[in-house]
>>> print(open('data-v8.txt').read())   # compact mmCIF, C-alpha atoms
# COMPACT_ATOMS: atom_id res chain seq x y z
CA MET J 847 52.43 25.83 35.57
CA PRO J 848 53.62 27.71 32.49
CA GLU J 849 52.48 31.29 32.39
CA ASP J 850 50.53 30.86 29.16
CA LEU J 851 48.43 28.03 30.69
CA THR J 852 47.26 29.81 33.84
CA PRO J 853 43.47 30.06 34.34
CA SER J 854 43.51 33.78 33.85
CA ALA J 855 45.43 33.46 30.60
CA LEU J 856 43.13 30.71 29.31
CA TRP J 857 40.08 32.75 30.24
CA ALA J 858 41.47 35.84 28.59
CA GLU J 859 42.14 33.86 25.42
CA TYR J 860 38.93 31.83 25.18
CA SER J 861 36.37 33.96 27.02
CA PRO J 862 35.29 35.82 23.85
CA TYR J 863 34.45 32.50 22.18
CA ILE J 864 32.74 31.09 25.27
CA LEU J 865 30.72 34.23 25.88
CA GLY J 866 29.87 34.52 22.20
CA PHE J 867 28.66 30.92 22.02
CA GLY J 868 26.77 31.29 25.30
CA LEU J 869 24.97 34.35 24.00
CA LYS J 870 24.07 32.45 20.83
CA VAL J 871 22.68 29.55 22.88
CA LEU J 872 20.70 31.96 25.04
CA GLY J 873 19.40 33.76 21.97
CA ALA J 874 18.46 30.46 20.33
CA LEU J 875 16.54 29.38 23.44
CA VAL J 876 14.69 32.70 23.54
CA VAL J 877 13.79 32.42 19.84
CA LEU J 878 12.74 28.79 20.30
CA ILE J 879 10.54 29.41 23.34
CA ILE J 880 8.90 32.54 21.94
CA GLY J 881 8.52 30.96 18.50
CA LEU J 882 6.84 27.82 19.84
CA ARG J 883 4.49 29.89 21.98
CA ILE J 884 3.56 32.03 18.99
CA ALA J 885 3.05 28.90 16.86
CA GLY J 886 0.73 27.42 19.47
CA TRP J 887 -1.19 30.66 19.89
CA LEU J 888 -1.59 31.28 16.15
CA SER J 889 -2.63 27.70 15.41
CA GLY J 890 -5.28 27.94 18.14
CA THR J 891 -6.46 31.29 16.83
CA VAL J 892 -6.70 29.95 13.27
CA ARG J 893 -8.79 27.03 14.47
CA LYS J 894 -11.17 29.28 16.44
CA GLU J 895 -11.57 31.76 13.58
CA ALA J 896 -12.05 28.98 11.02
CA LEU J 897 -14.86 27.47 13.07
CA LYS J 898 -16.65 30.82 13.10
CA ARG J 899 -16.81 30.83 9.30
CA GLU J 900 -19.81 29.31 7.60
CA GLY J 901 -18.93 26.31 5.47
CA ILE J 902 -15.86 25.42 7.54
CA ASP J 903 -16.45 22.54 9.95
CA ASP J 904 -14.30 21.20 12.79
CA THR J 905 -12.39 18.93 10.41
CA LEU J 906 -11.08 21.74 8.21
CA GLY J 907 -10.49 23.97 11.24
CA ASN J 908 -8.25 21.37 12.86
CA PHE J 909 -6.39 20.73 9.60
CA PHE J 910 -5.73 24.43 8.93
CA SER J 911 -4.55 24.78 12.52
CA SER J 912 -2.15 21.87 12.03
CA LEU J 913 -0.77 23.43 8.83
CA VAL J 914 -0.10 26.75 10.58
CA ARG J 915 1.50 25.05 13.57
CA TRP J 916 3.93 22.93 11.57
CA GLY J 917 4.73 25.77 9.17
CA LEU J 918 5.61 28.13 12.02
CA MET J 919 7.66 25.45 13.75
CA ALA J 920 9.70 25.07 10.56
CA ALA J 921 10.22 28.86 10.47
CA VAL J 922 11.31 28.81 14.15
CA PHE J 923 13.81 26.04 13.40
CA ILE J 924 15.33 28.09 10.57
CA ALA J 925 15.47 31.18 12.81
CA VAL J 926 17.33 29.18 15.50
CA LEU J 927 19.89 28.09 12.92
CA GLN J 928 20.36 31.70 11.85
CA VAL J 929 21.15 32.63 15.45
CA PHE J 930 24.11 30.24 15.23
CA GLY J 931 25.23 31.89 12.01
CA VAL J 932 23.68 29.52 9.48
CA GLN J 933 22.28 31.76 6.76
CA ALA J 934 18.84 30.99 5.39
CA THR J 935 20.18 30.85 1.83
CA SER J 936 22.81 28.35 2.88
CA PHE J 937 20.24 26.32 4.74
CA VAL J 938 17.94 26.25 1.71
CA ALA J 939 20.84 25.15 -0.49
CA VAL J 940 21.76 22.35 1.90
CA LEU J 941 18.11 21.37 2.21
CA GLY J 942 17.82 21.23 -1.56
CA ALA J 943 20.87 18.98 -1.76
CA LEU J 944 19.40 16.67 0.90
CA THR J 945 15.89 16.62 -0.53
CA LEU J 946 16.34 13.30 -2.27
CA ALA J 947 17.85 11.59 0.76
CA ILE J 948 15.21 13.04 3.09
CA GLY J 949 12.47 12.05 0.69
CA LEU J 950 13.71 8.47 0.55
CA SER J 951 14.07 8.21 4.32
CA MET J 952 10.72 9.86 5.06
CA GLN J 953 8.51 8.29 2.43
CA GLY J 954 6.02 7.31 5.11
CA ALA J 955 5.81 10.78 6.66
CA LEU J 956 5.51 12.50 3.28
CA GLY J 957 2.92 9.96 2.23
CA ASN J 958 0.93 10.71 5.38
CA ILE J 959 0.98 14.43 4.58
CA ALA J 960 -0.22 13.79 1.02
CA SER J 961 -2.91 11.46 2.36
CA GLY J 962 -3.98 14.11 4.87
CA VAL J 963 -4.45 16.58 2.01
CA MET J 964 -6.51 13.97 0.11
CA ILE J 965 -8.70 13.43 3.17
CA MET J 966 -9.36 17.18 3.31
CA LEU J 967 -10.16 17.29 -0.42
CA PHE J 968 -12.39 14.23 -0.75
CA ARG J 969 -13.77 14.21 2.82
CA PRO J 970 -14.35 10.46 3.28
CA TYR J 971 -14.92 11.24 6.96
CA LYS J 972 -14.92 14.17 9.35
CA LEU J 973 -14.64 14.84 13.06
CA GLY J 974 -17.29 13.01 15.04
CA ASP J 975 -17.89 10.28 12.43
CA TYR J 976 -17.69 6.63 13.43
CA ILE J 977 -15.57 4.80 10.87
CA GLU J 978 -13.78 1.53 10.27
CA ALA J 979 -10.49 1.77 8.36
CA ALA J 980 -7.23 -0.18 8.30
CA GLY J 981 -8.84 -2.88 10.43
CA VAL J 982 -9.85 -0.63 13.35
CA GLY J 983 -13.01 1.25 14.22
CA GLY J 984 -13.74 4.32 16.29
CA THR J 985 -15.01 7.87 16.43
CA VAL J 986 -12.82 10.43 14.63
CA LYS J 987 -11.38 12.82 17.22
CA ASP J 988 -8.72 14.62 15.16
CA ILE J 989 -7.26 14.78 11.65
CA ASN J 990 -3.85 16.41 11.31
CA LEU J 991 -1.02 16.42 8.77
CA PHE J 992 0.27 12.98 9.71
CA GLN J 993 -2.45 10.93 11.34
CA THR J 994 -6.10 10.41 12.16
CA VAL J 995 -6.96 10.01 15.83
CA LEU J 996 -9.80 7.64 16.73
CA ALA J 997 -11.51 6.76 20.00
CA THR J 998 -12.86 3.21 20.20
CA PRO J 999 -16.26 2.54 21.84
CA ASP J 1000 -14.41 1.64 25.07
CA ASN J 1001 -12.43 4.91 24.78
CA VAL J 1002 -9.07 3.56 23.63
CA LYS J 1003 -7.04 6.14 21.68
CA ILE J 1004 -6.02 4.91 18.20
CA LEU J 1005 -3.40 6.79 16.15
CA MET J 1006 -3.86 5.82 12.51
CA PRO J 1007 -1.38 7.08 9.86
CA ASN J 1008 -3.26 8.98 7.16
CA SER J 1009 -1.70 6.85 4.43
CA GLN J 1010 -3.19 3.68 5.95
CA ALA J 1011 -6.57 5.32 6.48
CA ILE J 1012 -6.91 6.45 2.86
CA ASP J 1013 -5.25 3.43 1.27
CA GLY J 1014 -7.96 0.84 1.95
CA VAL J 1015 -11.72 0.55 2.27
CA ILE J 1016 -13.30 3.08 4.64
CA GLU J 1017 -16.66 2.29 6.22
CA ASN J 1018 -18.25 5.50 7.46
CA TYR J 1019 -21.21 4.62 9.66
CA SER J 1020 -22.00 8.31 10.11
CA GLY J 1021 -21.82 9.14 6.42
CA TYR J 1022 -25.61 9.37 5.97
CA ASP J 1023 -28.35 10.85 8.12
CA THR J 1024 -30.29 7.58 8.36
CA ARG J 1025 -29.47 3.91 8.89
CA ARG J 1026 -31.44 0.67 8.78
CA ALA J 1027 -31.72 -1.26 12.03
CA ASP J 1028 -31.99 -4.97 11.24
CA VAL J 1029 -33.16 -7.34 13.98
CA THR J 1030 -34.10 -10.98 13.32
CA PHE J 1031 -36.33 -12.99 15.68
CA GLY J 1032 -36.73 -16.74 15.76
CA ILE J 1033 -40.04 -18.34 16.79
CA ASP J 1034 -41.04 -21.94 17.37
CA TYR J 1035 -42.54 -23.93 14.48
CA ASP J 1036 -45.71 -24.48 16.51
CA ASP J 1037 -46.31 -20.74 16.97
CA ASP J 1038 -48.53 -18.53 14.81
CA MET J 1039 -46.30 -16.69 12.31
CA ASP J 1040 -48.87 -13.99 11.49
CA LYS J 1041 -49.43 -13.28 15.17
CA ALA J 1042 -45.68 -12.95 15.73
CA ILE J 1043 -45.40 -10.57 12.77
CA ASP J 1044 -48.25 -8.42 14.12
CA ILE J 1045 -46.55 -8.25 17.53
CA ILE J 1046 -43.27 -7.08 16.00
CA LYS J 1047 -45.12 -4.47 13.90
CA SER J 1048 -46.95 -3.15 16.96
CA VAL J 1049 -43.65 -2.72 18.84
CA ILE J 1050 -42.19 -0.87 15.85
CA GLU J 1051 -45.24 1.39 15.49
CA ALA J 1052 -45.04 2.31 19.18
CA ASP J 1053 -41.49 3.65 18.80
CA ALA J 1054 -41.57 7.26 17.58
CA ARG J 1055 -37.87 7.13 16.67
CA ILE J 1056 -38.54 4.70 13.82
CA LEU J 1057 -39.24 6.45 10.53
CA ARG J 1058 -42.43 5.69 8.63
CA ASP J 1059 -40.83 6.37 5.27
CA PRO J 1060 -39.34 4.05 4.13
CA GLU J 1061 -41.96 1.71 5.58
CA PRO J 1062 -40.65 -0.82 8.11
CA PHE J 1063 -40.17 -4.35 6.78
CA VAL J 1064 -41.32 -7.40 8.79
CA LYS J 1065 -41.32 -10.72 6.92
CA VAL J 1066 -40.51 -14.39 7.34
CA VAL J 1067 -37.04 -14.78 5.80
CA ASN J 1068 -35.87 -18.26 6.72
CA LEU J 1069 -36.98 -21.69 7.92
CA GLY J 1070 -34.14 -22.73 10.17
CA ASP J 1071 -33.30 -26.04 11.77
CA SER J 1072 -35.24 -25.23 14.92
CA SER J 1073 -36.91 -21.87 14.31
CA ILE J 1074 -38.89 -19.73 11.89
CA ASP J 1075 -36.86 -16.54 11.37
CA ILE J 1076 -38.70 -13.23 11.07
CA ALA J 1077 -36.62 -10.21 10.00
CA SER J 1078 -37.47 -6.64 10.95
CA ARG J 1079 -35.83 -3.78 9.05
CA SER J 1080 -36.53 -0.30 10.35
CA TRP J 1081 -35.07 3.02 9.18
CA VAL J 1082 -33.95 5.42 11.89
CA LYS J 1083 -31.80 8.49 12.27
CA ALA J 1084 -28.14 7.56 12.49
CA ASP J 1085 -27.86 8.91 16.04
CA ASP J 1086 -30.72 6.64 17.18
CA TYR J 1087 -29.43 3.46 15.53
CA TRP J 1088 -28.04 1.58 18.54
CA ASP J 1089 -30.72 2.71 21.00
CA VAL J 1090 -33.50 1.59 18.66
CA LYS J 1091 -31.82 -1.73 17.87
CA PHE J 1092 -31.33 -2.57 21.55
CA HIS J 1093 -34.87 -1.43 22.38
CA LEU J 1094 -36.48 -3.56 19.67
CA THR J 1095 -34.63 -6.67 20.79
CA LYS J 1096 -35.80 -6.27 24.38
CA ALA J 1097 -39.34 -4.99 23.66
CA VAL J 1098 -40.18 -7.74 21.16
CA LYS J 1099 -38.94 -10.46 23.54
CA GLU J 1100 -41.15 -9.03 26.31
CA ALA J 1101 -44.13 -8.83 23.94
CA PHE J 1102 -43.58 -12.43 22.81
CA ASP J 1103 -43.59 -13.56 26.44
CA ARG J 1104 -46.89 -11.78 27.11
CA GLU J 1105 -48.56 -13.23 24.02
CA GLY J 1106 -47.27 -16.76 24.40
CA ILE J 1107 -44.84 -16.73 21.45
CA SER J 1108 -41.81 -18.84 22.26
CA ILE J 1109 -38.26 -18.32 21.10
CA PRO J 1110 -36.66 -21.75 20.60
CA TYR J 1111 -33.25 -22.61 21.96
CA PRO J 1112 -30.97 -25.59 21.25
CA HIS J 1113 -32.10 -28.92 22.67
CA GLN J 1114 -30.27 -32.20 23.02
CA VAL J 1115 -32.12 -35.44 22.41
CA GLU J 1116 -30.75 -38.62 23.91
CA ILE J 1117 -31.27 -41.74 21.78
CA GLN J 1118 -30.76 -45.10 23.43
CA LYS J 1119 -30.01 -48.06 21.18
CA LYS J 1120 -31.18 -51.44 22.38
CA ALA J 1121 -28.62 -54.19 22.61
CA ALA J 1122 -28.75 -56.86 19.87
CA ASN J 1123 -29.69 -59.64 22.32
CA ASP J 1124 -32.58 -57.68 23.89
>>> encode(input="data-v8.txt", output="structure tokens")
Amino acid sequence: MPEDLTPSALWAEYSPYILGFGLKVLGALVVLIIGLRIAGWLSGTVRKEALKREGIDDTLGNFFSSLVRWGLMAAVFIAVLQVFGVQATSFVAVLGALTLAIGLSMQGALGNIASGVMIMLFRPYKLGDYIEAAGVGGTVKDINLFQTVLATPDNVKILMPNSQAIDGVIENYSGYDTRRADVTFGIDYDDDMDKAIDIIKSVIEADARILRDPEPFVKVVNLGDSSIDIASRSWVKADDYWDVKFHLTKAVKEAFDREGISIPYPHQVEIQKKAAND
């Protein structure tokens, strides 16, 4: 082996570069780990402090926390590049030159950020609200820079891009303090309509969760093919909506059974045609 290619000679020649690069990698890892820990800690602190302030709800607290987290992560990334000798001014210049290309390739991500800001400004929904948007429904669990996180009634996690959430019609079932629980009951044509209406009203009056203002509505609304339809419309607090609706359905059916009011169900009638020679 030639003298200049011996292991000791190669190490003597390249060890400064290897050690220098190794130290840079080690330094970059230290900066990255410490920076990410600081980002996580600060974002959590911002969220906790924001929630202590009056006028700042969970929605804004989470969003501010997300802003701090992503901002610090960007700063950590720049610091890691500087460890490898990439100056911040050079990085900014390169970033400026690539802005157009990055913007074109990340239109969706940038659009989600802009949509997230719009959600914070106009507040179409907040944490804890049950909404339907972009064809899906669920309870809002988180709103960050890029997406809205929903939990469906059967606890499936839905990640909805902010741009899709804000782009279409949003139905916020928790937007108001009260909701109207509509339940329609069908009775037989031979039954007493006024008696059935009084029974429904008595069930409504017995439920303290139903508001008295606006006054509950109980009227005949339709004469169907096999039933007389009586609609009940009761105003309740939004949190009581489903419990009251389920209760009314069951309680009215039980009251009808006690009072002899029948709820018709489909029947089939067999018609026999006599033969021509009979």
>>> closest_residue(input="data-v8.txt", among="J:Arg883, J:Tyr1035, J:Glu978, J:Leu991", to="Val1015 of chain J", atoms="only C-alpha atoms")
J:Glu978
>>> residues_around(input="data-v8.txt", residues="segment 1001-1004 of chain J", least_positions_apart="6", cutoff="9 Å", atoms="all atoms listed in the file", output="PyMOL selection string")
chain J and resi 982-984+994-995
>>> atom_distance(input="data-v8.txt", atom1="atom CA of Thr891 of chain J", atom2="atom CA of Gly873 of chain J")
26.5 Å
>>> residues_around(input="data-v8.txt", residues="Asn958 of chain J", least_positions_apart="6", cutoff="7 Å", atoms="all atoms listed in the file", output="PyMOL selection string")
chain J and resi 991-993+1007-1009
>>> atom_distance(input="data-v8.txt", atom1="atom CA of Asn908 of chain J", atom2="atom CA of Lys987 of chain J")
10.1 Å
>>> closest_residue(input="data-v8.txt", among="J:Leu967, J:Ala1027, J:Leu996, J:Ala979", to="Ser1080 of chain J", atoms="all atoms listed in the file")
J:Ala1027
>>> residues_around(input="data-v8.txt", residues="Val986 of chain J", least_positions_apart="3", cutoff="7 Å", atoms="only C-alpha atoms", output="PDB file with C-alpha atoms, in the frame of the given file")
ATOM      1  CA  LYS J 972     -14.920  14.170   9.350  1.00  0.00           C
ATOM      2  CA  LEU J 973     -14.640  14.840  13.060  1.00  0.00           C
ATOM      3  CA  GLY J 974     -17.290  13.010  15.040  1.00  0.00           C
ATOM      4  CA  ASP J 975     -17.890  10.280  12.430  1.00  0.00           C
ATOM      5  CA  TYR J 976     -17.690   6.630  13.430  1.00  0.00           C
ATOM      6  CA  VAL J 995      -6.960  10.010  15.830  1.00  0.00           C
ATOM      7  CA  LEU J 996      -9.800   7.640  16.730  1.00  0.00           C
ATOM      8  CA  ALA J 997     -11.510   6.760  20.000  1.00  0.00           C
TER       9      ALA J 997
END
>>> residues_around(input="data-v8.txt", residues="Leu882 of chain J", least_positions_apart="5", cutoff="8 Å", atoms="only C-alpha atoms", output="MDAnalysis selection string")
chainID J and resid 918:919 922
>>> atom_distance(input="data-v8.txt", atom1="atom CA of Gln928 of chain J", atom2="atom CA of Lys870 of chain J")
9.7 Å
>>> residues_around(input="data-v8.txt", residues="Asp1037 of chain J", least_positions_apart="6", cutoff="10 Å", atoms="all atoms listed in the file", output="number ranges by chain")
J: 1073-1074, 1106-1109
>>> closest_residue(input="data-v8.txt", among="J:Asp1028, J:Asn990, J:Lys1041, J:Ser889", to="Thr1095 of chain J", atoms="only C-alpha atoms")
J:Asp1028
>>> closest_residue(input="data-v8.txt", among="J:Asp1059, J:Val1066, J:Tyr1111, J:Ile1050", to="Lys1091 of chain J", atoms="all atoms listed in the file")
J:Ile1050
>>> closest_residue(input="data-v8.txt", among="J:Val1098, J:Val1049, J:Ile924, J:Met1039", to="Asp1075 of chain J", atoms="all atoms listed in the file")
J:Met1039
>>> axis_aligned_box(input="data-v8.txt", around="segment 1015-1029 of chain J", padding_each_side="3 Å", output="JSON")
{"center_x": -22.4, "center_y": 1.8, "center_z": 8.1, "size_x": 27.4, "size_y": 24.2, "size_z": 17.7}
>>> closest_residue(input="data-v8.txt", among="J:Ala980, J:Ile1033, J:Ile1045, J:Val1082", to="Ile1016 of chain J", atoms="only C-alpha atoms")
J:Ala980
>>> residues_near_point(input="data-v8.txt", point="(-4.8, 18.7, 11.3)", cutoff="7 Å", atoms="all atoms listed in the file", output="number ranges by chain")
J: 908-913, 988-991
>>> decode(input="data-v8.txt", residues="segment 990-1095 of chain J", atoms="C-alpha atoms", output="compact mmCIF listing (two decimals), in the first residue's frame")
# COMPACT_ATOMS: atom_id res chain seq x y z
CA ASN J 990 -54.88 24.93 14.54
CA LEU J 991 -53.07 26.66 11.69
CA PHE J 992 -53.82 23.97 9.13
CA GLN J 993 -56.88 21.99 10.13
CA THR J 994 -59.95 21.60 12.29
CA VAL J 995 -60.20 18.39 14.29
CA LEU J 996 -63.67 16.89 14.80
CA ALA J 997 -64.95 13.93 16.78
CA THR J 998 -68.02 12.22 15.33
CA PRO J 999 -70.83 11.01 17.63
CA ASP J 1000 -69.28 7.52 17.53
CA ASN J 1001 -65.88 9.07 18.40
CA VAL J 1002 -64.16 8.87 15.02
CA LYS J 1003 -61.41 11.49 14.61
CA ILE J 1004 -61.92 13.71 11.54
CA LEU J 1005 -59.13 15.98 10.28
CA MET J 1006 -60.70 18.70 8.14
CA PRO J 1007 -58.48 21.20 6.26
CA ASN J 1008 -59.39 24.74 7.29
CA SER J 1009 -59.85 25.79 3.67
CA GLN J 1010 -62.57 23.16 3.18
CA ALA J 1011 -64.25 24.04 6.46
CA ILE J 1012 -64.54 27.75 5.66
CA ASP J 1013 -65.21 27.37 1.95
CA GLY J 1014 -68.74 25.93 2.13
CA VAL J 1015 -71.86 26.11 4.26
CA ILE J 1016 -71.26 25.57 7.98
CA GLU J 1017 -74.11 24.34 10.16
CA ASN J 1018 -73.34 25.10 13.79
CA TYR J 1019 -75.82 23.25 15.98
CA SER J 1020 -74.27 24.80 19.09
CA GLY J 1021 -74.32 28.34 17.75
CA TYR J 1022 -77.31 29.43 19.86
CA ASP J 1023 -78.27 28.74 23.46
CA THR J 1024 -81.65 27.23 22.54
CA ARG J 1025 -82.99 24.84 19.90
CA ARG J 1026 -86.43 23.66 18.85
CA ALA J 1027 -87.17 19.97 19.31
CA ASP J 1028 -89.64 18.86 16.64
CA VAL J 1029 -91.43 15.53 17.07
CA THR J 1030 -94.38 14.46 14.90
CA PHE J 1031 -96.88 11.80 16.00
CA GLY J 1032 -99.33 9.94 13.79
CA ILE J 1033 -102.70 8.79 15.14
CA ASP J 1034 -105.45 6.69 13.63
CA TYR J 1035 -108.31 8.41 11.78
CA ASP J 1036 -110.80 6.90 14.23
CA ASP J 1037 -109.06 8.43 17.27
CA ASP J 1038 -109.97 11.72 18.96
CA MET J 1039 -107.59 14.42 17.68
CA ASP J 1040 -108.27 16.84 20.55
CA LYS J 1041 -107.64 14.13 23.11
CA ALA J 1042 -104.35 13.23 21.44
CA ILE J 1043 -103.30 16.89 21.41
CA ASP J 1044 -104.12 17.23 25.13
CA ILE J 1045 -102.05 14.13 25.90
CA ILE J 1046 -99.02 15.51 24.05
CA LYS J 1047 -99.40 18.87 25.82
CA SER J 1048 -99.57 17.18 29.22
CA VAL J 1049 -96.33 15.28 28.51
CA ILE J 1050 -94.65 18.52 27.45
CA GLU J 1051 -95.87 20.40 30.53
CA ALA J 1052 -94.53 17.66 32.79
CA ASP J 1053 -90.99 18.09 31.44
CA ALA J 1054 -89.22 20.93 33.28
CA ARG J 1055 -86.48 21.07 30.63
CA ILE J 1056 -88.92 22.42 28.03
CA LEU J 1057 -89.08 26.21 28.01
CA ARG J 1058 -92.41 27.96 28.43
CA ASP J 1059 -91.35 30.93 26.33
CA PRO J 1060 -91.68 30.53 23.39
CA GLU J 1061 -94.85 28.55 24.06
CA PRO J 1062 -94.78 24.93 22.86
CA PHE J 1063 -96.65 24.26 19.61
CA VAL J 1064 -98.95 21.22 19.24
CA LYS J 1065 -101.18 21.20 16.14
CA VAL J 1066 -102.53 18.91 13.46
CA VAL J 1067 -100.26 19.49 10.46
CA ASN J 1068 -101.14 16.82 7.93
CA LEU J 1069 -103.76 14.27 6.90
CA GLY J 1070 -101.67 11.39 5.65
CA ASP J 1071 -102.59 8.26 3.75
CA SER J 1072 -103.12 6.26 6.93
CA SER J 1073 -102.65 8.70 9.81
CA ILE J 1074 -103.45 12.13 11.20
CA ASP J 1075 -100.11 13.82 11.88
CA ILE J 1076 -99.75 15.99 14.98
CA ALA J 1077 -96.56 18.07 15.25
CA SER J 1078 -95.03 19.15 18.55
CA ARG J 1079 -92.43 21.92 18.58
CA SER J 1080 -90.78 22.63 21.91
CA TRP J 1081 -87.93 25.03 22.68
CA VAL J 1082 -85.18 23.72 24.93
CA LYS J 1083 -81.64 24.56 25.91
CA ALA J 1084 -79.18 23.35 23.28
CA ASP J 1085 -77.55 20.92 25.73
CA ASP J 1086 -80.94 19.28 26.43
CA TYR J 1087 -82.01 18.93 22.79
CA TRP J 1088 -81.42 15.21 22.20
CA ASP J 1089 -82.48 14.07 25.68
CA VAL J 1090 -85.77 15.96 25.41
CA LYS J 1091 -86.46 14.74 21.88
CA PHE J 1092 -85.88 11.10 22.81
CA HIS J 1093 -87.92 11.50 26.01
CA LEU J 1094 -90.92 13.03 24.22
CA THR J 1095 -90.99 10.25 21.65
